[in-house]
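Participant: One file: coords21.cif (mmCIF, C-alpha atoms).
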data_data
#
loop_
_atom_site.label_atom_id
_atom_site.label_comp_id
_atom_site.auth_asym_id
_atom_site.auth_seq_id
_atom_site.Cartn_x
_atom_site.Cartn_y
_atom_site.Cartn_z
CA MET N 292 130.50 111.75 133.71
CA SER N 293 130.29 114.89 135.74
CA LEU N 294 127.71 114.95 138.47
CA ILE N 295 125.62 117.99 139.25
CA ASN N 296 124.20 117.44 142.71
CA TYR N 297 121.40 119.96 143.19
CA ALA N 298 120.62 118.55 146.61
CA SER N 299 124.06 119.14 148.13
CA ARG N 300 124.76 122.01 145.64
CA GLU N 301 127.92 120.42 144.28
CA VAL N 302 129.50 119.92 140.86
CA ASN N 303 132.15 117.20 140.66
CA CYS N 304 134.30 116.46 137.62
CA LYS N 305 136.76 113.60 137.18
CA LEU N 306 140.11 114.09 135.42
CA VAL N 307 142.40 111.15 134.73
CA TYR N 308 146.16 111.35 134.05
CA TYR N 309 147.05 108.44 131.77
CA GLY N 310 150.29 107.32 130.15
CA PRO N 311 153.17 104.84 130.23
CA GLY N 312 154.91 103.77 133.45
CA LEU N 313 157.38 106.24 135.00
CA GLY N 314 156.18 108.96 132.64
CA GLY N 315 155.43 111.49 135.39
CA LYS N 316 151.70 111.18 136.13
CA THR N 317 152.15 110.98 139.88
CA THR N 318 154.74 113.77 139.69
CA ASN N 319 152.10 116.01 138.09
CA LEU N 320 149.70 115.38 140.95
CA GLU N 321 152.41 115.83 143.58
CA TYR N 322 153.37 119.18 142.12
CA ILE N 323 149.73 120.30 142.03
CA TYR N 324 149.31 119.15 145.63
CA GLU N 325 152.39 121.07 146.68
CA LYS N 326 151.44 124.32 144.97
CA VAL N 327 147.67 124.65 145.31
CA ALA N 328 146.55 126.77 148.27
CA PRO N 329 145.80 124.58 151.33
CA ALA N 330 142.17 125.68 151.44
CA SER N 331 141.62 124.44 147.88
CA LYS N 332 142.97 120.93 148.18
CA GLY N 333 141.86 117.80 149.94
CA LYS N 334 143.84 114.81 151.09
CA MET N 335 146.04 113.16 148.46
CA ILE N 336 145.72 109.39 148.43
CA SER N 337 148.28 107.12 146.80
CA LEU N 338 147.61 103.42 146.52
CA ALA N 339 151.19 102.53 145.71
CA THR N 340 153.60 99.62 146.09
CA GLU N 341 156.39 99.73 148.65
CA THR N 342 158.66 101.03 145.89
CA GLU N 343 156.36 104.02 145.30
CA ARG N 344 155.04 102.73 142.00
CA THR N 345 151.34 103.39 141.57
CA LEU N 346 149.47 100.17 142.20
CA PHE N 347 145.88 101.27 141.77
CA PHE N 348 145.68 105.06 141.59
CA ASP N 349 146.62 108.41 143.10
CA PHE N 350 143.79 110.74 143.96
CA LEU N 351 143.70 114.46 144.66
CA PRO N 352 140.52 116.52 145.06
CA VAL N 353 140.88 120.21 144.17
CA ASP N 354 138.20 122.73 145.10
CA LEU N 355 137.39 125.65 142.87
CA GLY N 356 135.23 127.13 145.60
CA THR N 357 131.55 128.00 145.38
CA ILE N 358 130.46 129.15 141.96
CA ARG N 359 126.89 130.39 141.48
CA GLY N 360 125.92 128.57 144.64
CA PHE N 361 127.59 125.28 143.65
CA LYS N 362 130.65 123.92 145.40
CA THR N 363 132.78 122.97 142.40
CA ARG N 364 135.46 120.35 142.62
CA PHE N 365 137.83 118.47 140.33
CA HIS N 366 138.81 114.93 141.23
CA LEU N 367 142.29 114.24 139.83
CA TYR N 368 143.31 110.62 139.35
CA THR N 369 146.35 108.89 137.95
CA VAL N 370 146.40 105.32 136.69
CA PRO N 371 149.22 102.78 137.10
CA GLY N 372 151.29 102.93 133.93
CA GLN N 373 152.80 99.47 133.99
CA VAL N 374 151.35 97.29 131.25
CA TYR N 375 150.13 94.50 133.51
CA TYR N 376 147.90 96.76 135.60
CA ASN N 377 145.32 97.15 132.88
CA ALA N 378 142.35 96.08 134.98
CA SER N 379 143.08 98.94 137.40
CA ARG N 380 143.42 101.44 134.58
CA ARG N 381 140.08 100.47 133.11
CA LEU N 382 138.36 100.83 136.49
CA ILE N 383 139.72 104.32 137.08
CA LEU N 384 138.39 105.51 133.72
CA ARG N 385 134.86 104.84 134.83
CA GLY N 386 132.89 108.10 134.79
CA VAL N 387 135.84 110.13 133.45
CA ASP N 388 135.19 113.68 132.23
CA GLY N 389 138.61 114.62 130.89
CA VAL N 390 141.93 112.91 130.15
CA VAL N 391 145.54 114.10 130.22
CA PHE N 392 147.93 111.79 128.42
CA VAL N 393 151.37 112.21 130.00
CA ALA N 394 153.84 111.08 127.37
CA ASP N 395 157.47 110.39 128.20
CA SER N 396 159.50 112.43 125.72
CA GLN N 397 162.56 110.18 125.87
CA LEU N 398 163.28 108.59 122.50
CA GLU N 399 163.47 105.10 123.95
CA ARG N 400 159.97 105.43 125.44
CA MET N 401 158.27 106.07 122.11
CA GLU N 402 157.00 102.51 121.83
CA ALA N 403 155.66 102.58 125.40
CA ASN N 404 153.87 105.86 124.66
CA LEU N 405 152.21 104.42 121.59
CA GLU N 406 151.15 101.30 123.38
CA SER N 407 149.66 103.30 126.24
CA MET N 408 147.79 105.63 123.88
CA GLN N 409 146.21 102.66 122.10
CA ASN N 410 145.40 101.15 125.48
CA LEU N 411 143.69 104.40 126.54
CA TYR N 412 141.57 104.38 123.40
CA ASP N 413 140.60 100.75 123.90
CA ASN N 414 139.78 101.11 127.60
CA LEU N 415 137.63 104.18 126.99
CA ALA N 416 135.79 102.31 124.25
CA GLN N 417 134.95 99.63 126.78
CA HIS N 418 133.16 102.33 128.78
CA GLY N 419 131.35 103.46 125.62
CA LEU N 420 133.51 106.58 125.31
CA ASP N 421 135.31 107.89 122.25
CA LEU N 422 138.67 109.54 122.96
CA THR N 423 138.12 111.94 120.06
CA ARG N 424 134.91 113.25 121.62
CA ILE N 425 135.85 113.89 125.24
CA PRO N 426 138.04 116.64 126.73
CA PHE N 427 141.57 115.42 126.08
CA VAL N 428 145.04 116.99 126.06
CA ILE N 429 148.55 115.60 125.70
CA GLN N 430 151.49 116.56 127.86
CA TYR N 431 154.99 115.87 126.54
CA ASN N 432 156.85 115.45 129.78
CA LYS N 433 160.58 115.32 130.53
CA ARG N 434 161.44 118.02 128.01
CA ASP N 435 164.41 118.83 130.24
CA LEU N 436 166.18 115.53 129.48
CA PRO N 437 168.93 115.43 126.84
CA ASN N 438 167.45 112.38 125.11
CA ALA N 439 164.00 113.97 124.62
CA ALA N 440 162.63 113.43 121.12
CA PRO N 441 161.74 116.53 119.08
CA VAL N 442 158.14 117.64 119.67
CA GLU N 443 157.40 117.29 115.92
CA GLN N 444 158.31 113.62 116.12
CA LEU N 445 156.14 113.07 119.19
CA GLN N 446 153.24 114.92 117.57
CA GLU N 447 153.50 112.78 114.45
CA ALA N 448 153.45 109.58 116.47
CA LEU N 449 151.00 110.38 119.27
CA ASN N 450 148.86 113.21 117.97
CA PRO N 451 148.51 112.67 114.22
CA GLY N 452 144.89 113.84 114.28
CA TRP N 453 141.66 112.28 113.10
CA PRO N 454 139.23 113.27 110.35
CA VAL N 455 136.52 115.76 111.31
CA GLU N 456 133.20 114.43 110.03
CA ASP N 457 130.87 117.15 111.34
CA PRO N 458 130.63 119.88 108.61
CA ALA N 459 129.93 122.52 111.26
CA ARG N 460 133.38 121.91 112.75
CA GLN N 461 135.23 121.82 109.43
CA ARG N 462 136.90 125.21 109.77
CA LEU N 463 140.35 126.44 110.61
CA THR N 464 140.50 126.43 114.41
CA PRO N 465 143.52 127.98 116.07
CA ASP N 466 145.18 126.59 119.15
CA PRO N 467 144.91 129.47 121.64
CA ALA N 468 148.22 128.44 123.18
CA ARG N 469 150.10 128.24 119.86
CA PRO N 470 149.44 130.70 117.08
CA GLY N 471 150.30 129.13 113.74
CA GLU N 472 149.56 125.57 114.87
CA PRO N 473 145.81 125.10 114.33
CA LEU N 474 143.92 122.35 116.11
CA ILE N 475 141.65 121.80 113.11
CA ARG N 476 143.08 122.26 109.63
CA GLN N 477 142.59 120.99 106.10
CA VAL N 478 145.12 118.56 104.70
CA ASP N 479 144.49 117.94 101.00
CA GLU N 480 140.72 117.36 100.96
CA THR N 481 140.36 116.20 104.55
CA TRP N 482 139.76 118.22 107.70
CA ILE N 483 141.99 116.93 110.49
CA GLU N 484 141.74 117.61 114.21
CA ARG N 485 144.56 117.31 116.72
CA VAL N 486 144.36 117.81 120.45
CA ALA N 487 146.14 120.59 122.33
CA TYR N 488 149.55 119.64 123.68
CA PHE N 489 151.83 121.01 126.37
CA GLU N 490 155.54 120.66 126.93
CA ALA N 491 156.46 119.90 130.51
CA ALA N 492 159.17 119.07 132.99
CA ALA N 493 156.88 117.96 135.78
CA VAL N 494 159.67 117.51 138.36
CA ARG N 495 160.28 121.25 138.10
CA GLY N 496 156.60 122.03 137.67
CA ASP N 497 157.06 123.40 134.13
CA GLY N 498 153.85 122.95 132.15
CA VAL N 499 151.96 121.19 134.94
CA PHE N 500 149.42 123.93 135.57
CA ASP N 501 149.15 124.87 131.87
CA THR N 502 148.03 121.31 131.22
CA LEU N 503 145.60 121.19 134.12
CA ARG N 504 144.12 124.58 133.26
CA ALA N 505 143.47 123.56 129.67
CA VAL N 506 141.80 120.24 130.39
CA SER N 507 139.69 121.56 133.25
CA LYS N 508 138.35 124.39 131.08
CA MET N 509 137.47 121.89 128.37
CA VAL N 510 135.53 119.84 130.94
CA LEU N 511 133.67 122.90 132.23
CA LYS N 512 132.51 123.72 128.70
CA THR N 513 130.77 120.35 128.52
CA LEU N 514 128.64 121.38 131.52
CA GLY N 515 127.33 124.61 130.03
CA MET T 1473 130.38 105.57 121.43
CA SER T 1474 129.98 109.04 122.73
CA GLY T 1475 131.53 111.82 124.72
CA ALA T 1476 131.19 112.19 128.47
CA ALA T 1477 127.73 113.23 129.62
CA SER T 1478 126.65 114.74 132.88
CA TRP T 1479 123.84 113.66 135.11
CA SER T 1480 122.03 115.43 137.88
CA PHE T 1481 120.91 114.66 141.37
CA ARG T 1482 117.95 116.92 142.14
CA GLU T 1483 116.42 117.97 145.41
CA GLU T 1484 113.36 115.82 144.83
CA ASP T 1485 115.66 112.84 144.19
CA ALA T 1486 117.47 113.59 147.42
CA SER T 1487 114.27 113.67 149.45
CA ARG T 1488 112.95 110.39 147.99
CA ILE T 1489 116.29 108.70 148.55
CA GLY T 1490 116.72 110.30 151.97
CA ALA T 1491 113.38 108.87 153.08
CA LEU T 1492 114.43 105.37 151.97
CA LEU T 1493 117.78 105.65 153.74
CA ASP T 1494 116.14 106.91 156.93
CA ARG T 1495 113.80 103.93 156.88
CA LEU T 1496 116.73 101.57 156.36
CA LEU T 1497 118.56 103.04 159.35
CA ALA T 1498 115.49 102.90 161.57
CA GLU T 1499 114.79 99.28 160.67
CA SER T 1500 118.38 98.05 160.88
CA SER T 1501 119.65 100.13 163.82
CA ALA T 1502 122.69 101.00 161.71
CA ARG T 1503 124.46 104.31 162.25
CA THR T 1504 125.04 105.88 158.86
CA ALA T 1505 124.02 105.12 155.28
CA LEU T 1506 125.88 106.57 152.31
CA LEU T 1507 125.37 106.45 148.58
CA VAL T 1508 128.42 106.67 146.35
CA ASP T 1509 128.46 106.50 142.57
CA ARG T 1510 130.76 104.07 140.81
CA ALA T 1511 132.93 106.91 139.57
CA GLY T 1512 133.79 107.73 143.19
CA GLN T 1513 131.50 110.62 144.07
CA MET T 1514 129.41 110.95 147.21
CA LEU T 1515 125.71 111.31 146.42
CA ALA T 1516 123.93 111.30 149.75
CA THR T 1517 124.34 110.49 153.42
CA ALA T 1518 121.77 109.77 156.12
CA GLY T 1519 121.92 109.13 159.85
CA GLN T 1520 124.86 110.19 161.99
CA PRO T 1521 127.15 112.53 160.04
CA PRO T 1522 130.35 110.66 159.10
CA ARG T 1523 133.42 111.48 161.18
CA PHE T 1524 135.73 110.79 158.21
CA ASP T 1525 136.50 112.75 155.05
CA PRO T 1526 133.55 111.89 152.75
CA ILE T 1527 135.46 112.61 149.51
CA THR T 1528 138.22 110.17 150.36
CA PHE T 1529 135.68 107.67 151.58
CA ALA T 1530 133.71 107.82 148.32
CA THR T 1531 136.81 107.39 146.17
CA LEU T 1532 138.06 104.38 148.11
CA THR T 1533 134.59 102.79 148.24
CA ALA T 1534 134.22 102.98 144.48
CA ALA T 1535 137.71 101.55 144.00
CA ASP T 1536 137.02 98.77 146.49
CA PHE T 1537 133.77 97.80 144.85
CA SER T 1538 135.23 97.95 141.34
CA ALA T 1539 138.22 95.82 142.30
CA ASN T 1540 135.91 93.24 143.84
CA ASP T 1541 133.76 93.29 140.72
CA GLN T 1542 136.80 92.18 138.74
CA LEU T 1543 137.57 89.49 141.30
CA ALA T 1544 134.03 88.18 140.88
CA ARG T 1545 134.52 87.96 137.13
CA LEU T 1546 137.76 86.05 137.57
CA LEU T 1547 135.75 83.49 139.52
CA GLY T 1548 133.17 83.36 136.77
CA GLU T 1549 130.61 85.28 138.81
CA ASN T 1550 128.74 88.12 137.18
CA GLU T 1551 129.35 90.30 140.24
CA PHE T 1552 129.58 90.29 144.01
CA GLY T 1553 126.32 92.07 144.77
CA ALA T 1554 127.44 92.92 148.27
CA LEU T 1555 130.63 93.22 150.36
CA PHE T 1556 131.26 93.14 154.08
CA HIS T 1557 134.19 94.65 155.97
CA GLN T 1558 134.35 93.75 159.63
CA GLY T 1559 136.07 95.96 162.18
CA GLU T 1560 136.44 95.65 165.93
CA LYS T 1561 133.80 98.32 166.61
CA ASP T 1562 132.59 99.56 163.26
CA SER T 1563 131.76 97.51 160.20
CA LEU T 1564 130.72 98.30 156.64
CA TYR T 1565 128.21 96.57 154.44
CA LEU T 1566 128.23 97.58 150.77
CA ALA T 1567 125.59 96.70 148.19
CA ASP T 1568 125.17 97.42 144.50
CA VAL T 1569 122.29 99.64 143.37
CA ALA T 1570 121.36 99.56 139.67
CA ARG T 1571 124.99 98.81 138.66
CA ARG T 1572 125.94 102.46 138.99
CA VAL T 1573 125.63 103.30 142.65
CA ILE T 1574 126.90 101.71 145.87
CA LEU T 1575 124.94 101.73 149.11
CA VAL T 1576 127.25 101.72 152.13
CA VAL T 1577 125.90 101.01 155.60
CA LEU T 1578 128.08 101.79 158.59
CA PHE T 1579 127.08 99.97 161.77
CA ASP T 1580 128.45 99.00 165.17
CA ASN T 1581 127.83 96.35 167.80
CA SER T 1582 124.35 97.65 168.58
CA THR T 1583 123.02 95.65 165.60
CA THR T 1584 123.96 92.52 163.68
CA LEU T 1585 125.20 91.80 160.18
CA GLY T 1586 122.18 89.57 159.62
CA LEU T 1587 119.69 92.34 160.32
CA VAL T 1588 121.63 94.87 158.22
CA LYS T 1589 121.78 92.44 155.29
CA LEU T 1590 118.09 91.71 155.53
CA ARG T 1591 117.06 95.38 155.57
CA VAL T 1592 119.52 96.32 152.81
CA ARG T 1593 118.08 93.60 150.61
CA GLY T 1594 114.65 95.10 151.14
CA ILE T 1595 115.67 98.63 150.25
CA VAL T 1596 117.99 98.01 147.30
CA GLY T 1597 115.12 97.27 144.91
CA GLU T 1598 113.38 100.51 145.81
CA LEU T 1599 116.58 102.54 145.50
CA SER T 1600 117.29 100.93 142.13
CA ARG T 1601 113.91 102.02 140.82
CA VAL T 1602 114.53 105.63 141.87
CA PHE T 1603 117.99 105.70 140.27
CA LEU T 1604 116.83 104.05 137.06
CA GLU T 1605 114.17 106.76 136.74
CA MET T 1606 116.83 109.43 137.27
CA PHE T 1607 119.17 107.96 134.65
CA ALA T 1608 116.31 107.64 132.16
CA ARG T 1609 115.33 111.26 132.75
CA ASP T 1610 118.84 112.65 132.18
CA GLY T 1611 119.44 110.32 129.25
CA ALA T 1612 116.24 111.50 127.58
CA GLY T 1613 117.24 115.10 128.14
CA GLU T 1614 120.34 114.72 125.98
CA ARG T 1615 118.29 114.79 122.81
CA GLY T 1616 116.79 118.19 123.46
CA ARG T 1617 117.41 120.34 126.46
CA PRO T 1618 120.22 118.92 128.53
CA GLY T 1619 118.88 116.82 131.36
CA ALA T 1620 121.72 117.99 133.50
CA GLY T 1621 123.33 121.35 133.11
CA VAL T 1622 124.51 124.38 134.98
CA GLU T 1623 123.02 127.84 134.80
CA ARG T 1624 124.26 130.45 132.38
CA GLY T 1625 127.30 132.25 133.71
CA PHE T 1626 128.60 129.28 135.68
CA VAL T 1627 131.20 128.26 133.09
CA GLY T 1628 132.63 131.77 132.76
CA GLU T 1629 132.97 132.21 136.50
CA ALA T 1630 134.46 128.76 136.92
CA GLU T 1631 137.02 129.52 134.20
CA ASP T 1632 138.07 132.69 136.03
CA GLU T 1633 138.48 130.63 139.17
CA ILE T 1634 140.64 128.11 137.27
CA ASP T 1635 142.87 130.92 136.05
CA ARG T 1636 143.20 132.21 139.57
CA LEU T 1637 143.88 128.84 141.15
CA PHE T 1638 145.87 127.05 138.45
CA GLY T 1639 147.39 130.08 136.79
CA THR T 1640 149.46 131.83 139.38
CA SER T 1641 150.15 128.80 141.58
CA GLY T 1642 151.85 127.11 138.65
CA ARG T 1643 154.32 129.91 138.27
CA GLY T 1644 155.44 129.96 141.87
#
Please rewrite the model in this file as structure tokens.
Facilitator:
Amino acid sequence: MSLINYASREVNCKLVYYGPGLGGKTTNLEYIYEKVAPASKGKMISLATETERTLFFDFLPVDLGTIRGFKTRFHLYTVPGQVYYNASRRLILRGVDGVVFVADSQLERMEANLESMQNLYDNLAQHGLDLTRIPFVIQYNKRDLPNAAPVEQLQEALNPGWPVEDPARQRLTPDPARPGEPLIRQVDETWIERVAYFEAAAVRGDGVFDTLRAVSKMVLKTLG
Amino acid sequence: MSGAASWSFREEDASRIGALLDRLLAESSARTALLVDRAGQMLATAGQPPRFDPITFATLTAADFSANDQLARLLGENEFGALFHQGEKDSLYLADVARRVILVVLFDNSTTLGLVKLRVRGIVGELSRVFLEMFARDGAGERGRPGAGVERGFVGEAEDEIDRLFGTSGRG
């Protein structure tokens, strides 16, 4: 949960990059670290194994500067993707404000993507959070690889949508990034919501900032 | 289950908590006291200003405490209510406050672990009461006016800043 500290005049928000092992979560943070102006970034911390696999988390604070008298900062975290590090993943989700799911587009990683998505849902539930009600976007990473699955196939598997119960939200809602692909639409009699998605090749930086921009704006809206 | 909520730390909270931390430091002869929330954010500091990066410190403290919480459960303990890290000159004593905040006391050889522990034990109950009141206040606010929120105009300006910072840098 975001913290508004009126005493020190600070707003801090926590974003977590989640997804299967070797999917590119750390690469996203490294690219952000490399490209953000030095004055806007803090120290990047990686609690990693000797083979550079994330053991506990990576952490990067990014400053938006002072807005209306409040120093505003995003805390970016990754989780370890490997299945057996679940205790660490659950700990990092504590107090989360927004989630980026970094999916590995390679066909052979489909099962790992699905497993990680279910794991995300379950771990959030343990913190009393519902994935369908918090700021959440999906990034389909590794679009540059020849064995990348078609986006339609990934969408069907990882972003099938969930029914919208609230009548006030049951209306055609466009995805600002993709005209013609609404986020909320009616299928037969049911209103279905999907989350925004972004195609990326994080090693080249493609899509990295589009993803970050979208999720951080969603988080800000929850503060207003 | 619900979506993420925000909570606030107001100036009056800071002064009540600051007074408790100052008393702790005076009674224990410790150097610095810090409060970090379990999500990894620094809430308050008292005493000598820290010489380290407080953001990094808060993140690692929360991770340390959370990892030890899990260790406690493996042993069948409900929690480790406190942790101690001993250095050659500087040491850290960490204690849980109301299950959501961590009190960190930084001290050197001019005092003893025993005294720090004793004084921390005395203050944790009082800090817990203050924090529980704060959580109750912000929780109650969710039903009507948000208990924690930013002023009108903040979101728009912050969005512009995001476009500036994350827009152009990503296309470099």
Participant: Please evaluate the PyMOL selection byres ((chain N and resi 469-478) around 10) against the structure above and give the resulting residues as a list in words.
Facilitator: Gly452, Trp453, Pro454, Val455, Arg460, Gln461, Arg462, Leu463, Thr464, Pro465, Asp466, Pro467, Ala468, Asp479, Glu480, Thr481, Trp482, Ile483, Glu484, Arg485, Val486, Ala487, Tyr488 and Phe489 of chain N
Participant: Where does range 1509-1577 of chain T meet range 1601-1609 of chain T within 12 Å, residue by residue, with the nearest atom pair and distance in Å to one decimal for each, counting only C-alpha atoms, listed by chain and rising number, as a tab-separated table?
Facilitator:
residue	atom	partner	partner_atom	distance
T:Asp1509	CA	T:Phe1603	CA	10.7
T:Leu1515	CA	T:Phe1603	CA	11.4
T:Asp1568	CA	T:Phe1603	CA	11.7
T:Val1569	CA	T:Phe1603	CA	8.1
T:Ala1570	CA	T:Leu1604	CA	6.9
T:Arg1571	CA	T:Leu1604	CA	9.8
T:Arg1572	CA	T:Phe1603	CA	8.7
T:Val1573	CA	T:Phe1603	CA	8.4
T:Ile1574	CA	T:Phe1603	CA	11.3
T:Leu1575	CA	T:Phe1603	CA	11.9
Participant: I'd like the contact shell of range 337-339 of chain N - 7 Å cut-off, all atoms listed in the file, skipping same-chain residues fewer than 4 positions apart - returned as number ranges by chain.
Facilitator: N: 343-350
Participant: Could you tell me how far CA of Leu313 in chain N sits from CA of Ala448 in chain N, in Å to one decimal place?
Facilitator: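 About the pair CA of Ala448 in chain N and CA of Leu313 in chain N: they are 19.2 Å apart.
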Participant: Which residues match the PyMOL selection byres ((chain N and resi 499) around 9) in the file above, as a VMD selection string?
Facilitator: (chain N and resid 319 to 320 322 to 323 430 489 to 493 495 to 498 500 to 504) or (chain T and resid 1642)
Participant: List the residues matched by the PyMOL selection byres ((chain N and resi 364) around 6) in the displayed structure as a ChimeraX atom specification, ordered by chain and then by residue number.
Facilitator: /N:303,353-355,363,365
Participant: Specify the axis-aligned box that encloses all atoms of range 333-349 of chain N listed in the file after padding of 3 Å on each side, stating its centre and edge lengths in Å to one decimal as JSON.
Facilitator:
{"center_x": 150.3, "center_y": 108.7, "center_z": 146.3, "size_x": 22.8, "size_y": 24.2, "size_z": 15.5}
Participant: Identify the residues around (125.9, 109.7, 147.1) within a radius of 12 Å, measuring from all atoms listed in the file in the coordinates stated by the file, and give them as number ranges by chain.
Facilitator: N: 294-299, 301, 303; T: 1480-1482, 1485-1486, 1489-1490, 1493, 1505-1518, 1526-1527, 1529-1531, 1533-1534, 1569, 1572-1576, 1599, 1603
Participant: Could you work out how far CA of Glu1623 in chain T lies from CA of Gly360 in chain N, giving the answer in Å with one decimal?
Facilitator: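 These atoms are spaced 10.3 Å apart.
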Participant: For each of T:Glu1483, T:Ala1539, T:Phe1579, T:Gly1625, take the minimum atom-to-atom distance to Arg1503 in chain T, counting all atoms listed in the file, then give the residue where this is smallest.
Facilitator: T:Phe1579
Participant: Taking all atoms listed in the file into account, which of N:Lys332, N:Arg424, N:Arg380, N:His418 comes nearest chain T?
Facilitator: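 Answer, going by the shortest atom-to-atom distance: N:Arg424.
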Participant: CA of Leu420 in chain N to CA of Gly386 in chain N: how many Å, to one decimal?
Facilitator: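 One can read the CA of Leu420 in chain N to CA of Gly386 in chain N distance as 9.6 Å.
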Participant: With distances taken over only C-alpha atoms, which of T:Leu1578, T:Ala1498, T:Asp1541, T:Tyr1565 is nearest to chain N?
Facilitator: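 Checking each of T:Leu1578, T:Ala1498, T:Asp1541, T:Tyr1565 against chain N, counting only C-alpha atoms, the winner is T:Asp1541.
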Participant: Excluding Arg1624 in chain T and its own-chain neighbours fewer than 3 positions away, which residues fall within 10 Å of it when counting all atoms listed in the file? Please give them as a PyMOL selection string.
Facilitator: (chain N and resi 359+515) or (chain T and resi 1621+1627-1629)
Participant: My list of candidates is N:Ile429, N:Val442, N:Leu405, N:Met335. Which is closest to chain T when distances are computed with all atoms listed in the file?
Facilitator: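 For chain T, the nearest of the given residues is N:Met335.
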Participant: Out of N:Asp457, N:Glu406, N:Glu399, N:Glu325, which residue has the shortest atom-to-atom distance to chain T when counting all atoms listed in the file?
Facilitator: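 Under the stated criterion, the closest residue is N:Glu325.
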Participant: Between T:Ser1501, T:Ser1600, T:Asp1610, T:Asp1635, which has the minimum distance to Arg1488 in chain T (counting only C-alpha atoms)?
Facilitator: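 Checking each of T:Ser1501, T:Ser1600, T:Asp1610, T:Asp1635 against Arg1488 in chain T, counting only C-alpha atoms, the winner is T:Ser1600.
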Participant: Excluding Ser1563 in chain T and residues on its chain fewer than 5 positions from it, collect all residues at most 10 Å away from it, counting all atoms listed in the file, and give them as a list in words.
Facilitator: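 So, after excluding close chain neighbours, the residues are Ala1502, Phe1556, His1557, Gln1558, Val1577, Leu1578, Phe1579, Asp1580, Asn1581, Thr1584 and Leu1585 of chain T.
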